[in-house]
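A short write-up of the structure that comes next.
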Amino acid sequence: MPAFPKKWLWALLAAAFVVPLLHPLLPDVVSDYRLFLVSTMIIAAIAVLGLNLLTGFNGQISLGHGAFYAVGAYTAAVLMDHLNMPYWATLPSAAIVCFIVGYLFGLPALKLEGHYLALATFALALAVPQILKYKWLEGLTGGVQGIVLSKPEVPFGLPLTEDQWLYYYCLVVMVLLYWAAANILNSRSGRAMMAIRDQYMAADTMGIDTALYKTVTFGISAAYTGIAGALSASAIAFVAPDSFNFFLSIKFLIGLVVGGIGSLAGSVVGGIFYVLVDNSAQALSTFAKNDLGLQFDLSAYTVFGILLIVLMYLMPMGIVGGVYYLARSLYSMRKPQAKEQAALKQRVSS
Amino acid sequence: MEQFLQQIASGLANGAIYACVALALVMIYVSTDHINFAQGEMAMFSTYLSWQLMSWGMSFWVAFIVAVAFSFVLGVIIERVILRPLHNAPVLSIVVVFIGLLAICNSVAGAIWSYLIKEYPSPFPKSSFGIAGVIGPHQLGVVLVTLVVLGLLFVFFRYTPLGLAMRAAAQNPQMARLVGVRVDWMLALGWGLAAAVGAVAGIMVAHIVYLDPNMMGGILLYAFASALVGGIGNPGGAVLGGFIVGVLENMVAFAGNQVEKATGVYIIGNGEKLTVALIIVIFVLTVKPAGLFGRVVVKRV
């Protein structure tokens with residue numbers, strides 16, 4: 001799949017930076033609540049990006065990325081709570097910790113493929129809330145209660161609200177991470193990652209150090225998701241073990257599948273999508289009850305589950321991949337027709 | 001000492017549940033090479049169904065039979081409708097579909113019956129059942145019921161033509177097709193049987209863990225561990241693995257308790273059950289992927 005056109009990317013980026021400043025003009029449209037929602041979407045996009053690096057570009061299935069998200073969030077929270085570290089300094093620490101954890105988990109994962117790796121990561125995702133409640137860690141993690149933090153404050157006396165500042169903070173982090181990911185993928189290492197996904201044996205024979213690439217990719221992927229976790233810790237200003245349950249990992253998976261497996265731009269779409277569905281679940285449920293005559297509540301996970309299955313049939317490449325594929329096949333369908341018509345015209349005129 | 005015996009007995013009772021779910025997983029794995037991540041949630045759904053039937057006034061065993069039969073049909077339908085078209089899909093697609101099924105089962109059960117924890121009755125008489133001080137009536141009942149189910153399955157697969165056909169379809173689909181076995185339907189039947197066995201496990205365990213939409217999460221994880229310990233392609237191994245893991249789980253917690261009592265240092269207890277399962281899963285997968293009784297698969301390149 002080709003990269004997103006650069007022109008559009010810049011336009012989007014400019015819009016993302018300018019729109020919040022329209023708050024005085026359109027107070028209802030660009031409200032603080034909406035900005036906060038967009039910030040959570042950005043965080044989700046980063047997390048899905050991390051998962052995509054591993055599953056989409058390296059072919060290692062992970063159902064347990066919620067675990068790395070949790071590690072990132074807790075690293076940030078513990079550093080802020082116990083060492084009074086400023087919130088922005090927690091990101092590199094979370095990235096490093098998650099890279100190490102991911103790398104270490106990548107070592108046994110080397111021996112596993114396909115279903116077995118899915119199984120091991122599934123087990124990891126299920127066990128995470130319990131591990132966070134472990135008695136010896138209680139001093140650090142606050143046990144079941146979790147840790148309450150404070151929201152990032154606006155620095156340098158900038159004339160921004162807290163939510164606006166949070167938005168810019170998340171946006172800058174995402175742009176940097178996206179840029180880094182695009183560059184990694186566009187390099188020798190990125191090609192090696194994808195070669196391992198497509199033809200493991202061939203990649204190995206070509207002299208690619210498959211074990212190294214796989215474990216490092218696991219580490220990088222975990223670091224991305226961990227940064228997202230750290231961002232979420234400062235955004236929500238609270239961490240608790242039970243918010244990192246298996247359903248968090250399902251959300252990342254839905255982001256991956258909806259956006260497109262193996263598409264960077266798709267990861268962003270996927271992240272935005274799952275936050276959107278998650279947040280409009282209540283409205284969706286009321287709609288289903290009143291207008292469709294459904295007898296019981298419709299939860300976001302029912303929608304997610306149905307989408308997961310349906311997308312696997314209709315658009316295994318995700319929505320972004322699917323739209324691209326459709327556009328291309330339409331385009332190539334039109335082209336021969338045009339040629340034919342031109343030929344017909346020539347024949348008629350001669 | 002009595003405590004020790006108690007722990008072993010309750011470990012065996014849990015192990016019986018794990019054995020059932022592990023057997024269900026293995027039945028699907030052997031015939032299609034898929035690991036069914038939705039097995040636990042499907043069982044949970046059947047358990048809720050039996051609860052609903054009982055609250056409508058059916059007796060326990062009638063509700064039990066209806067729910068198990070329903071699960072069988074549901075399993076067949078899921079295989080025919082959802083998984084059949086994905087026969088040659090990549091692994092990731094299949095895993096994603098299973099996770100989708102898991103999410104649907106869980107959220108629909110939560111929507112219909114709410115996420116509130118419910119009590120679930122035990123069908124076994126309290127008096128003169130069980131061995132006082134060692135094993136409770138429900139635990140003994142669970143072990144008996146699962147042993148009966150496993151025995152029936154064994155007889156079915158070993159001594160009936162249909163069972164033979166199903167084994168043939170799982171072992172060598174092409175050959176089986178050549179001699180006239182309808183392989184597609186055999187796979188669907190396998191799915192149905194797996195769903196039914198899972199339902200038995202769910203209904204039996206609901207009295208112990210109480211009924212709620214997330215009740216099977218930990219059990220599924222232990223069932224995975226059991227299937228892996230026994231060798232994921234081996235039904236007998238899965239059953240034995242279930243009992244081994246069940247006892248092991250309780251022994252670990254028991255040992256942790258004893259250590260805490262003796263030295264005052266907390267290392268491990270009931271709160272780390274899932275972590276123990278995680279460690280078993282990763283340990284077996286990396287150190288001995290074939291498990292105790294599994295065949296080592298040699299891949300031809």
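By convention here, the chains of the structure tokens are called A, B, ... in the order presented, each chain's residues are numbered starting at 1, and ligands are numbered starting at 1 in the order presented.
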Q. Looking only at the backbone, which of the residues in region 93-168 of chain B does DSSP tag as alpha helix (DSSP H), as number ranges by chain?
A. B: 93-113, 137-159, 161-168
Selected residues written out with N, CA and C atoms, as a compact mmCIF listing (two decimals), in the first residue's frame:
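Contents of result.txt, freshly written:
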# COMPACT_ATOMS: atom_id res chain seq x y z
N SER B 93 -6.62 -13.92 10.76
CA SER B 93 -8.06 -13.76 10.54
C SER B 93 -8.84 -14.66 11.47
N ILE B 94 -8.37 -15.89 11.61
CA ILE B 94 -9.12 -16.84 12.43
C ILE B 94 -9.06 -16.44 13.90
N VAL B 95 -7.88 -16.02 14.34
CA VAL B 95 -7.77 -15.57 15.73
C VAL B 95 -8.71 -14.39 15.96
N VAL B 96 -8.72 -13.46 15.00
CA VAL B 96 -9.57 -12.28 15.15
C VAL B 96 -11.04 -12.68 15.22
N VAL B 97 -11.44 -13.65 14.40
CA VAL B 97 -12.83 -14.09 14.43
C VAL B 97 -13.17 -14.70 15.79
N PHE B 98 -12.25 -15.48 16.34
CA PHE B 98 -12.51 -16.07 17.66
C PHE B 98 -12.65 -14.98 18.72
N ILE B 99 -11.79 -13.97 18.63
CA ILE B 99 -11.88 -12.89 19.61
C ILE B 99 -13.21 -12.14 19.43
N GLY B 100 -13.62 -12.00 18.18
CA GLY B 100 -14.93 -11.39 17.92
C GLY B 100 -16.05 -12.18 18.57
N LEU B 101 -15.99 -13.51 18.42
CA LEU B 101 -17.00 -14.37 19.04
C LEU B 101 -17.00 -14.20 20.55
N LEU B 102 -15.78 -14.15 21.11
CA LEU B 102 -15.63 -13.98 22.55
C LEU B 102 -16.32 -12.69 23.00
N ALA B 103 -16.02 -11.60 22.27
CA ALA B 103 -16.59 -10.31 22.65
C ALA B 103 -18.11 -10.34 22.53
N ILE B 104 -18.63 -10.98 21.47
CA ILE B 104 -20.08 -11.02 21.28
C ILE B 104 -20.74 -11.81 22.41
N CYS B 105 -20.24 -13.04 22.66
CA CYS B 105 -20.83 -13.87 23.71
C CYS B 105 -20.84 -13.11 25.04
N ASN B 106 -19.68 -12.52 25.37
CA ASN B 106 -19.57 -11.86 26.66
C ASN B 106 -20.52 -10.68 26.77
N SER B 107 -20.55 -9.83 25.74
CA SER B 107 -21.36 -8.61 25.87
C SER B 107 -22.85 -8.91 25.75
N VAL B 108 -23.20 -9.91 24.92
CA VAL B 108 -24.62 -10.23 24.80
C VAL B 108 -25.12 -10.84 26.11
N ALA B 109 -24.32 -11.73 26.71
CA ALA B 109 -24.73 -12.29 28.00
C ALA B 109 -24.87 -11.18 29.03
N GLY B 110 -23.91 -10.24 29.01
CA GLY B 110 -23.99 -9.13 29.95
C GLY B 110 -25.23 -8.28 29.71
N ALA B 111 -25.58 -8.10 28.44
CA ALA B 111 -26.74 -7.26 28.12
C ALA B 111 -28.03 -7.95 28.52
N ILE B 112 -28.12 -9.27 28.29
CA ILE B 112 -29.38 -9.96 28.59
C ILE B 112 -29.53 -10.18 30.09
N TRP B 113 -28.45 -10.67 30.71
CA TRP B 113 -28.58 -11.09 32.12
C TRP B 113 -27.86 -10.16 33.09
N PRO B 137 -19.81 -32.13 48.84
CA PRO B 137 -20.73 -32.83 47.95
C PRO B 137 -20.66 -32.32 46.52
N HIS B 138 -20.58 -30.99 46.36
CA HIS B 138 -20.58 -30.47 45.00
C HIS B 138 -19.31 -30.88 44.26
N GLN B 139 -18.19 -30.83 44.97
CA GLN B 139 -16.93 -31.17 44.32
C GLN B 139 -16.92 -32.62 43.85
N LEU B 140 -17.42 -33.51 44.75
CA LEU B 140 -17.49 -34.92 44.39
C LEU B 140 -18.41 -35.09 43.18
N GLY B 141 -19.53 -34.39 43.20
CA GLY B 141 -20.49 -34.47 42.10
C GLY B 141 -19.86 -34.03 40.79
N VAL B 142 -19.09 -32.93 40.86
CA VAL B 142 -18.44 -32.41 39.66
C VAL B 142 -17.51 -33.46 39.07
N VAL B 143 -16.71 -34.07 39.95
CA VAL B 143 -15.77 -35.07 39.46
C VAL B 143 -16.53 -36.22 38.81
N LEU B 144 -17.61 -36.68 39.48
CA LEU B 144 -18.37 -37.80 38.93
C LEU B 144 -18.97 -37.45 37.57
N VAL B 145 -19.62 -36.28 37.50
CA VAL B 145 -20.28 -35.90 36.24
C VAL B 145 -19.26 -35.81 35.11
N THR B 146 -18.13 -35.15 35.39
CA THR B 146 -17.15 -35.00 34.30
C THR B 146 -16.59 -36.36 33.90
N LEU B 147 -16.39 -37.24 34.89
CA LEU B 147 -15.88 -38.56 34.53
C LEU B 147 -16.88 -39.30 33.65
N VAL B 148 -18.17 -39.16 33.97
CA VAL B 148 -19.20 -39.80 33.15
C VAL B 148 -19.14 -39.24 31.72
N VAL B 149 -19.05 -37.90 31.63
CA VAL B 149 -19.01 -37.28 30.30
C VAL B 149 -17.80 -37.76 29.51
N LEU B 150 -16.66 -37.77 30.20
CA LEU B 150 -15.44 -38.20 29.51
C LEU B 150 -15.55 -39.65 29.08
N GLY B 151 -16.15 -40.48 29.94
CA GLY B 151 -16.34 -41.89 29.60
C GLY B 151 -17.23 -42.04 28.37
N LEU B 152 -18.32 -41.28 28.36
CA LEU B 152 -19.24 -41.34 27.21
C LEU B 152 -18.52 -40.95 25.93
N LEU B 153 -17.73 -39.87 26.04
CA LEU B 153 -17.00 -39.42 24.85
C LEU B 153 -16.04 -40.49 24.37
N PHE B 154 -15.37 -41.13 25.33
CA PHE B 154 -14.41 -42.17 24.98
C PHE B 154 -15.12 -43.28 24.23
N VAL B 155 -16.25 -43.72 24.80
CA VAL B 155 -17.01 -44.80 24.16
C VAL B 155 -17.46 -44.36 22.77
N PHE B 156 -17.92 -43.11 22.68
CA PHE B 156 -18.40 -42.61 21.39
C PHE B 156 -17.30 -42.64 20.33
N PHE B 157 -16.13 -42.15 20.70
CA PHE B 157 -15.07 -42.06 19.70
C PHE B 157 -14.45 -43.42 19.40
N ARG B 158 -14.48 -44.31 20.39
CA ARG B 158 -13.77 -45.58 20.25
C ARG B 158 -14.65 -46.63 19.59
N TYR B 159 -15.95 -46.65 19.94
CA TYR B 159 -16.75 -47.81 19.57
C TYR B 159 -17.91 -47.53 18.63
N PRO B 161 -19.45 -46.06 14.87
CA PRO B 161 -19.01 -45.74 13.50
C PRO B 161 -18.84 -44.23 13.30
N LEU B 162 -19.76 -43.47 13.89
CA LEU B 162 -19.67 -42.02 13.73
C LEU B 162 -18.40 -41.48 14.37
N GLY B 163 -18.09 -42.01 15.56
CA GLY B 163 -16.87 -41.58 16.23
C GLY B 163 -15.64 -41.92 15.40
N LEU B 164 -15.68 -43.11 14.80
CA LEU B 164 -14.57 -43.52 13.95
C LEU B 164 -14.43 -42.57 12.77
N ALA B 165 -15.58 -42.22 12.17
CA ALA B 165 -15.56 -41.32 11.03
C ALA B 165 -14.99 -39.97 11.43
N MET B 166 -15.38 -39.51 12.61
CA MET B 166 -14.88 -38.20 13.05
C MET B 166 -13.38 -38.24 13.27
N ARG B 167 -12.92 -39.34 13.85
CA ARG B 167 -11.47 -39.45 14.06
C ARG B 167 -10.75 -39.49 12.72
N ALA B 168 -11.34 -40.21 11.79
CA ALA B 168 -10.71 -40.31 10.47
C ALA B 168 -10.65 -38.93 9.82
Within 10 Å of region 223-237 of chain B, which residues of region 53-136 of chain A show up? Give each one with its shortest atom-to-atom distance in Å (one decimal) and the two atoms involved, counting only C-alpha atoms, rows by chain then rising residue number, as JSON lines.
{"residue": "A:Leu119", "atom": "CA", "partner": "B:Phe224", "partner_atom": "CA", "distance": 8.1}
{"residue": "A:Ala120", "atom": "CA", "partner": "B:Phe224", "partner_atom": "CA", "distance": 9.6}
{"residue": "A:Ala123", "atom": "CA", "partner": "B:Phe224", "partner_atom": "CA", "distance": 8.8}
Residues as selected, C-alpha atoms, written as a PDB file, in the first residue's frame, can you do that?
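Result file selection_26.pdb:
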ATOM      1  CA  LEU A 119      -2.328 -18.043  23.057  1.00  0.00           C
ATOM      2  CA  ALA A 120       0.704 -16.869  25.045  1.00  0.00           C
ATOM      3  CA  ALA A 123      -2.654 -15.496  28.712  1.00  0.00           C
TER       4      ALA A 123
END
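For the residues A:Gly321, A:Trp10, A:Ser285, A:Leu292, ranking by smallest atom-to-atom distance to Leu264 (chain A) using only C-alpha atoms places A:Gly321 first.
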Considering only C-alpha atoms, give me a table of residues in chain A that are at most 9 Å from chain B, with the closest atom pair and distance in Å for each, as a Markdown table.
| residue | atom | partner | partner_atom | distance |
| --- | --- | --- | --- | --- |
| A:Thr55 | CA | B:Leu92 | CA | 8.7 |
| A:Gly59 | CA | B:Leu92 | CA | 8.7 |
| A:Ile61 | CA | B:Leu92 | CA | 6.8 |
| A:Leu63 | CA | B:Ile99 | CA | 8.9 |
| A:Pro108 | CA | B:Thr286 | CA | 6.0 |
| A:Ala109 | CA | B:Thr286 | CA | 8.0 |
| A:Leu110 | CA | B:Thr286 | CA | 8.8 |
| A:Lys111 | CA | B:Thr286 | CA | 6.3 |
| A:Leu112 | CA | B:Leu285 | CA | 7.4 |
| A:Gly114 | CA | B:Val91 | CA | 6.0 |
| A:His115 | CA | B:Ile35 | CA | 6.5 |
| A:Tyr116 | CA | B:Leu285 | CA | 7.6 |
| A:Ala118 | CA | B:Val95 | CA | 7.5 |
| A:Leu119 | CA | B:Ile35 | CA | 7.9 |
| A:Ala120 | CA | B:Ile282 | CA | 6.1 |
| A:Phe122 | CA | B:Leu221 | CA | 8.5 |
| A:Ala123 | CA | B:Leu278 | CA | 5.4 |
| A:Leu124 | CA | B:Leu278 | CA | 6.3 |
| A:Leu126 | CA | B:Leu274 | CA | 7.2 |
| A:Ala127 | CA | B:Leu274 | CA | 5.1 |
| A:Val128 | CA | B:Thr275 | CA | 7.9 |
| A:Gln130 | CA | B:Glu272 | CA | 6.3 |
| A:Ile131 | CA | B:Thr275 | CA | 6.6 |
| A:Lys133 | CA | B:Gly271 | CA | 8.1 |
| A:Tyr134 | CA | B:Glu272 | CA | 7.2 |
| A:Lys135 | CA | B:Tyr266 | CA | 7.7 |
| A:Trp136 | CA | B:Tyr266 | CA | 8.0 |
| A:Met201 | CA | B:Val301 | CA | 8.9 |
| A:Phe247 | CA | B:Ala103 | CA | 8.2 |
| A:Ile250 | CA | B:Ile99 | CA | 7.4 |
| A:Leu253 | CA | B:Val96 | CA | 7.8 |
| A:Ile254 | CA | B:Val96 | CA | 8.7 |
| A:Val257 | CA | B:Val96 | CA | 8.3 |
| A:Gln295 | CA | B:Ile112 | CA | 8.5 |
| A:Phe296 | CA | B:Ala111 | CA | 5.9 |
| A:Asp297 | CA | B:Ala111 | CA | 5.2 |
| A:Leu298 | CA | B:Ala111 | CA | 6.7 |
| A:Ser299 | CA | B:Ser107 | CA | 6.3 |
| A:Ala300 | CA | B:Ser107 | CA | 8.1 |
| A:Tyr301 | CA | B:Ala103 | CA | 5.6 |
| A:Thr302 | CA | B:Ile104 | CA | 4.7 |
| A:Val303 | CA | B:Ile104 | CA | 7.8 |
| A:Phe304 | CA | B:Gly100 | CA | 7.0 |
| A:Gly305 | CA | B:Gly100 | CA | 3.8 |
| A:Ile306 | CA | B:Gly100 | CA | 6.4 |
| A:Leu307 | CA | B:Gly100 | CA | 7.6 |
| A:Leu308 | CA | B:Gly100 | CA | 5.2 |
| A:Ile309 | CA | B:Val97 | CA | 4.9 |
| A:Val310 | CA | B:Val97 | CA | 8.6 |
| A:Met312 | CA | B:Ser93 | CA | 6.0 |
| A:Tyr313 | CA | B:Leu86 | CA | 7.8 |
| A:Pro316 | CA | B:Ser93 | CA | 7.4 |
Let's have the selection written as a short mmCIF file (atom, residue, chain, number, x, y, z; two decimals), in the first residue's frame, with N, CA and C atoms.
data_model
loop_
_atom_site.label_atom_id
_atom_site.label_comp_id
_atom_site.auth_asym_id
_atom_site.auth_seq_id
_atom_site.Cartn_x
_atom_site.Cartn_y
_atom_site.Cartn_z
N THR A 55 2.18 -6.76 14.69
CA THR A 55 1.30 -7.72 14.03
C THR A 55 1.20 -7.44 12.53
N GLY A 59 4.25 -9.56 11.50
CA GLY A 59 3.53 -10.83 11.44
C GLY A 59 3.45 -11.60 12.74
N ILE A 61 1.46 -12.22 16.01
CA ILE A 61 0.14 -11.89 16.55
C ILE A 61 0.25 -11.58 18.03
N LEU A 63 -2.31 -10.66 21.28
CA LEU A 63 -3.61 -10.34 21.85
C LEU A 63 -3.39 -9.69 23.21
N PRO A 108 10.79 -15.59 24.49
CA PRO A 108 10.04 -16.85 24.35
C PRO A 108 9.15 -16.83 23.11
N ALA A 109 8.68 -15.64 22.72
CA ALA A 109 7.79 -15.55 21.57
C ALA A 109 8.48 -15.99 20.28
N LEU A 110 9.82 -15.97 20.30
CA LEU A 110 10.57 -16.41 19.12
C LEU A 110 10.23 -17.84 18.74
N LYS A 111 9.98 -18.64 19.77
CA LYS A 111 9.74 -20.06 19.51
C LYS A 111 8.29 -20.32 19.12
N LEU A 112 7.46 -19.29 19.22
CA LEU A 112 6.04 -19.51 18.99
C LEU A 112 5.63 -18.84 17.70
N GLY A 114 2.00 -18.06 15.06
CA GLY A 114 0.57 -18.21 14.81
C GLY A 114 -0.26 -18.34 16.07
N HIS A 115 -1.03 -19.43 16.11
CA HIS A 115 -1.97 -19.63 17.21
C HIS A 115 -1.28 -19.65 18.57
N TYR A 116 -0.07 -20.21 18.62
CA TYR A 116 0.58 -20.36 19.91
C TYR A 116 0.99 -19.01 20.48
N ALA A 118 -0.52 -16.22 19.78
CA ALA A 118 -1.79 -15.62 20.18
C ALA A 118 -2.18 -16.13 21.57
N LEU A 119 -1.97 -17.43 21.78
CA LEU A 119 -2.33 -18.04 23.06
C LEU A 119 -1.49 -17.46 24.20
N ALA A 120 -0.17 -17.37 23.98
CA ALA A 120 0.70 -16.87 25.04
C ALA A 120 0.36 -15.42 25.38
N PHE A 122 -2.50 -13.95 24.84
CA PHE A 122 -3.84 -13.97 25.44
C PHE A 122 -3.72 -14.22 26.95
N ALA A 123 -2.87 -15.19 27.30
CA ALA A 123 -2.65 -15.50 28.71
C ALA A 123 -2.08 -14.28 29.43
N LEU A 124 -1.16 -13.59 28.77
CA LEU A 124 -0.55 -12.41 29.37
C LEU A 124 -1.63 -11.35 29.65
N LEU A 126 -4.79 -11.73 30.12
CA LEU A 126 -5.70 -12.11 31.20
C LEU A 126 -5.05 -11.94 32.56
N ALA A 127 -3.73 -12.16 32.62
CA ALA A 127 -3.06 -12.18 33.92
C ALA A 127 -2.68 -10.78 34.41
N VAL A 128 -2.67 -9.80 33.51
CA VAL A 128 -2.13 -8.48 33.88
C VAL A 128 -2.78 -7.84 35.12
N GLN A 130 -4.10 -9.11 37.65
CA GLN A 130 -3.64 -9.80 38.86
C GLN A 130 -2.20 -9.47 39.19
N ILE A 131 -1.37 -9.41 38.15
CA ILE A 131 0.04 -9.10 38.40
C ILE A 131 0.16 -7.71 39.02
N LYS A 133 -1.86 -6.32 40.92
CA LYS A 133 -2.34 -6.31 42.31
C LYS A 133 -1.41 -7.08 43.23
N TYR A 134 -0.32 -7.63 42.68
CA TYR A 134 0.58 -8.47 43.47
C TYR A 134 1.04 -7.73 44.72
N LYS A 135 1.04 -8.47 45.84
CA LYS A 135 1.23 -7.84 47.14
C LYS A 135 2.54 -7.08 47.26
N TRP A 136 3.59 -7.64 46.68
CA TRP A 136 4.89 -7.00 46.82
C TRP A 136 4.99 -5.71 46.04
N MET A 201 11.36 -17.96 5.95
CA MET A 201 12.50 -18.80 5.58
C MET A 201 13.44 -18.05 4.63
N PHE A 247 -10.25 -6.74 27.83
CA PHE A 247 -11.02 -5.99 26.84
C PHE A 247 -10.24 -4.81 26.26
N ILE A 250 -8.62 -6.23 23.38
CA ILE A 250 -9.60 -6.40 22.29
C ILE A 250 -9.78 -5.09 21.55
N LEU A 253 -7.06 -4.57 19.21
CA LEU A 253 -7.24 -5.47 18.07
C LEU A 253 -8.26 -4.91 17.11
N ILE A 254 -9.34 -4.36 17.64
CA ILE A 254 -10.37 -3.81 16.75
C ILE A 254 -9.80 -2.60 16.01
N VAL A 257 -7.72 -4.03 13.21
CA VAL A 257 -8.46 -4.67 12.13
C VAL A 257 -9.25 -3.65 11.32
N GLN A 295 -34.52 -5.64 22.45
CA GLN A 295 -35.05 -5.79 23.80
C GLN A 295 -34.02 -5.46 24.88
N PHE A 296 -32.75 -5.63 24.57
CA PHE A 296 -31.75 -5.42 25.61
C PHE A 296 -30.70 -4.42 25.16
N ASP A 297 -29.83 -4.05 26.09
CA ASP A 297 -28.79 -3.06 25.79
C ASP A 297 -27.83 -3.59 24.74
N LEU A 298 -27.37 -2.68 23.91
CA LEU A 298 -26.35 -3.04 22.93
C LEU A 298 -25.05 -2.44 23.43
N SER A 299 -24.08 -3.32 23.75
CA SER A 299 -22.85 -2.75 24.28
C SER A 299 -21.85 -2.55 23.16
N ALA A 300 -20.83 -1.74 23.45
CA ALA A 300 -19.81 -1.45 22.43
C ALA A 300 -19.14 -2.75 21.99
N TYR A 301 -19.01 -3.70 22.91
CA TYR A 301 -18.28 -4.92 22.56
C TYR A 301 -19.05 -5.80 21.60
N THR A 302 -20.40 -5.73 21.66
CA THR A 302 -21.17 -6.47 20.66
C THR A 302 -20.85 -5.92 19.28
N VAL A 303 -20.83 -4.57 19.19
CA VAL A 303 -20.50 -3.95 17.92
C VAL A 303 -19.09 -4.35 17.49
N PHE A 304 -18.15 -4.28 18.43
CA PHE A 304 -16.76 -4.66 18.13
C PHE A 304 -16.70 -6.09 17.62
N GLY A 305 -17.37 -6.98 18.33
CA GLY A 305 -17.30 -8.40 17.98
C GLY A 305 -17.85 -8.64 16.59
N ILE A 306 -19.02 -8.05 16.32
CA ILE A 306 -19.63 -8.24 14.99
C ILE A 306 -18.71 -7.67 13.92
N LEU A 307 -18.15 -6.48 14.21
CA LEU A 307 -17.26 -5.86 13.23
C LEU A 307 -16.03 -6.72 12.98
N LEU A 308 -15.46 -7.28 14.05
CA LEU A 308 -14.27 -8.12 13.90
C LEU A 308 -14.55 -9.25 12.92
N ILE A 309 -15.72 -9.87 13.10
CA ILE A 309 -16.03 -11.02 12.25
C ILE A 309 -16.36 -10.57 10.83
N VAL A 310 -17.22 -9.54 10.73
CA VAL A 310 -17.65 -9.10 9.40
C VAL A 310 -16.47 -8.58 8.58
N MET A 312 -13.43 -9.43 8.74
CA MET A 312 -12.56 -10.50 8.27
C MET A 312 -13.08 -11.11 6.97
N TYR A 313 -14.41 -11.03 6.76
CA TYR A 313 -14.96 -11.54 5.51
C TYR A 313 -14.83 -10.52 4.39
N PRO A 316 -10.48 -7.92 4.71
CA PRO A 316 -9.42 -8.41 5.60
C PRO A 316 -8.25 -7.43 5.72
#
Counting only C-alpha atoms, the residue among A:Gln164, A:Phe246, A:Leu12, A:Gly271 that lies closest to Val30 (chain A) is A:Gln164
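Within region 105-280 of chain A, DSSP run on the backbone puts these residues in strand (DSSP E or B): A:Ile147, A:Val148, A:Phe238, A:Val239.
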- Message: Which residues are close to Gly40 (chain B), i.e. within 8 Å by only C-alpha atoms, leaving aside same-chain residues fewer than 3 positions away? Reply as a ChimeraX atom specification.
- Response: /B:21,37,43-44,198,202,216-217,219-220
File of the preceding selection, N, CA and C atoms, as a CSV table (one decimal), in the first residue's frame:
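Listed below is the output, result25.csv:
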chain,number,residue,atom,x,y,z
B,21,VAL,N,-13.0,-28.5,29.7
B,21,VAL,CA,-12.7,-27.4,28.8
B,21,VAL,C,-11.5,-27.7,27.9
B,37,PHE,N,-10.5,-19.4,21.1
B,37,PHE,CA,-10.4,-18.5,22.2
B,37,PHE,C,-11.8,-18.2,22.8
B,43,ALA,N,-19.2,-21.5,26.7
B,43,ALA,CA,-19.7,-22.3,27.9
B,43,ALA,C,-20.5,-21.4,28.8
B,44,MET,N,-19.9,-20.2,29.0
B,44,MET,CA,-20.6,-19.2,30.0
B,44,MET,C,-22.0,-18.9,29.5
B,198,GLY,N,-17.9,-28.2,26.7
B,198,GLY,CA,-17.7,-26.9,27.4
B,198,GLY,C,-18.8,-26.5,28.3
B,202,GLY,N,-19.1,-25.5,32.2
B,202,GLY,CA,-19.6,-24.2,32.7
B,202,GLY,C,-20.7,-24.4,33.7
B,216,MET,N,-15.6,-17.4,33.1
B,216,MET,CA,-14.8,-18.4,32.4
B,216,MET,C,-13.4,-17.9,32.1
B,217,GLY,N,-13.1,-16.7,32.3
B,217,GLY,CA,-11.8,-16.2,31.8
B,217,GLY,C,-10.6,-17.0,32.4
B,219,ILE,N,-10.8,-19.8,34.0
B,219,ILE,CA,-10.9,-21.2,33.7
B,219,ILE,C,-10.4,-21.6,32.4
B,220,LEU,N,-10.7,-20.7,31.4
B,220,LEU,CA,-10.2,-20.9,30.0
B,220,LEU,C,-8.7,-20.9,30.0
Pairwise distance, CA of Ala125 (chain A) with CA of Gly72 (chain A), equals 14.3 Å
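For the set A:Leu171, A:Ala265, A:Met85, A:Ala192, the residue with the smallest atom-to-atom gap to Val18 (chain A) is A:Leu171, counting only C-alpha atoms.
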Using only C-alpha atoms, the shortest atom-to-atom distance to Ala38 (chain B) among B:Gln3, B:Ala67, B:Asn214, B:Ala169 belongs to B:Asn214
For His207 (chain B), please output as a tab-separated table (two decimals) with C-alpha atoms, in the first residue's frame all residues within 10 Å (counting only C-alpha atoms; exclusion window: fewer than 2 positions along the same chain).
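Result file around-v1.tsv:
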chain	number	residue	atom	x	y	z
B	118	LYS	CA	-25.64	-14.54	40.48
B	119	GLU	CA	-25.80	-17.58	42.69
B	120	TYR	CA	-26.04	-20.87	40.91
B	121	PRO	CA	-27.56	-23.92	42.61
B	122	SER	CA	-25.79	-27.21	43.09
B	123	PRO	CA	-27.77	-30.30	42.07
B	138	HIS	CA	-20.58	-30.47	45.00
B	139	GLN	CA	-16.93	-31.17	44.32
B	202	GLY	CA	-19.59	-24.24	32.68
B	203	ILE	CA	-22.71	-25.57	34.38
B	204	MET	CA	-20.66	-27.62	36.81
B	205	VAL	CA	-18.31	-24.81	37.75
B	209	VAL	CA	-17.20	-19.47	40.94
B	210	TYR	CA	-20.73	-17.98	40.81
B	211	LEU	CA	-22.43	-16.93	37.63
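For Val175 (chain A), the non-local neighbours within 12 Å, defined as residues at least 3 positions apart in the same chain or in other chains and counting only C-alpha atoms, are Leu9, Trp10, Leu12, Leu13, Ala14, Ala16, Phe17, Ile42, Ile43, Ala45, Ile46, Leu49, Tyr168, Tyr169, Cys170, Leu171, Val172, Tyr178, Trp179, Ala180, Ala181, Ala182, Leu264, Ala265 and Val268 of chain A.
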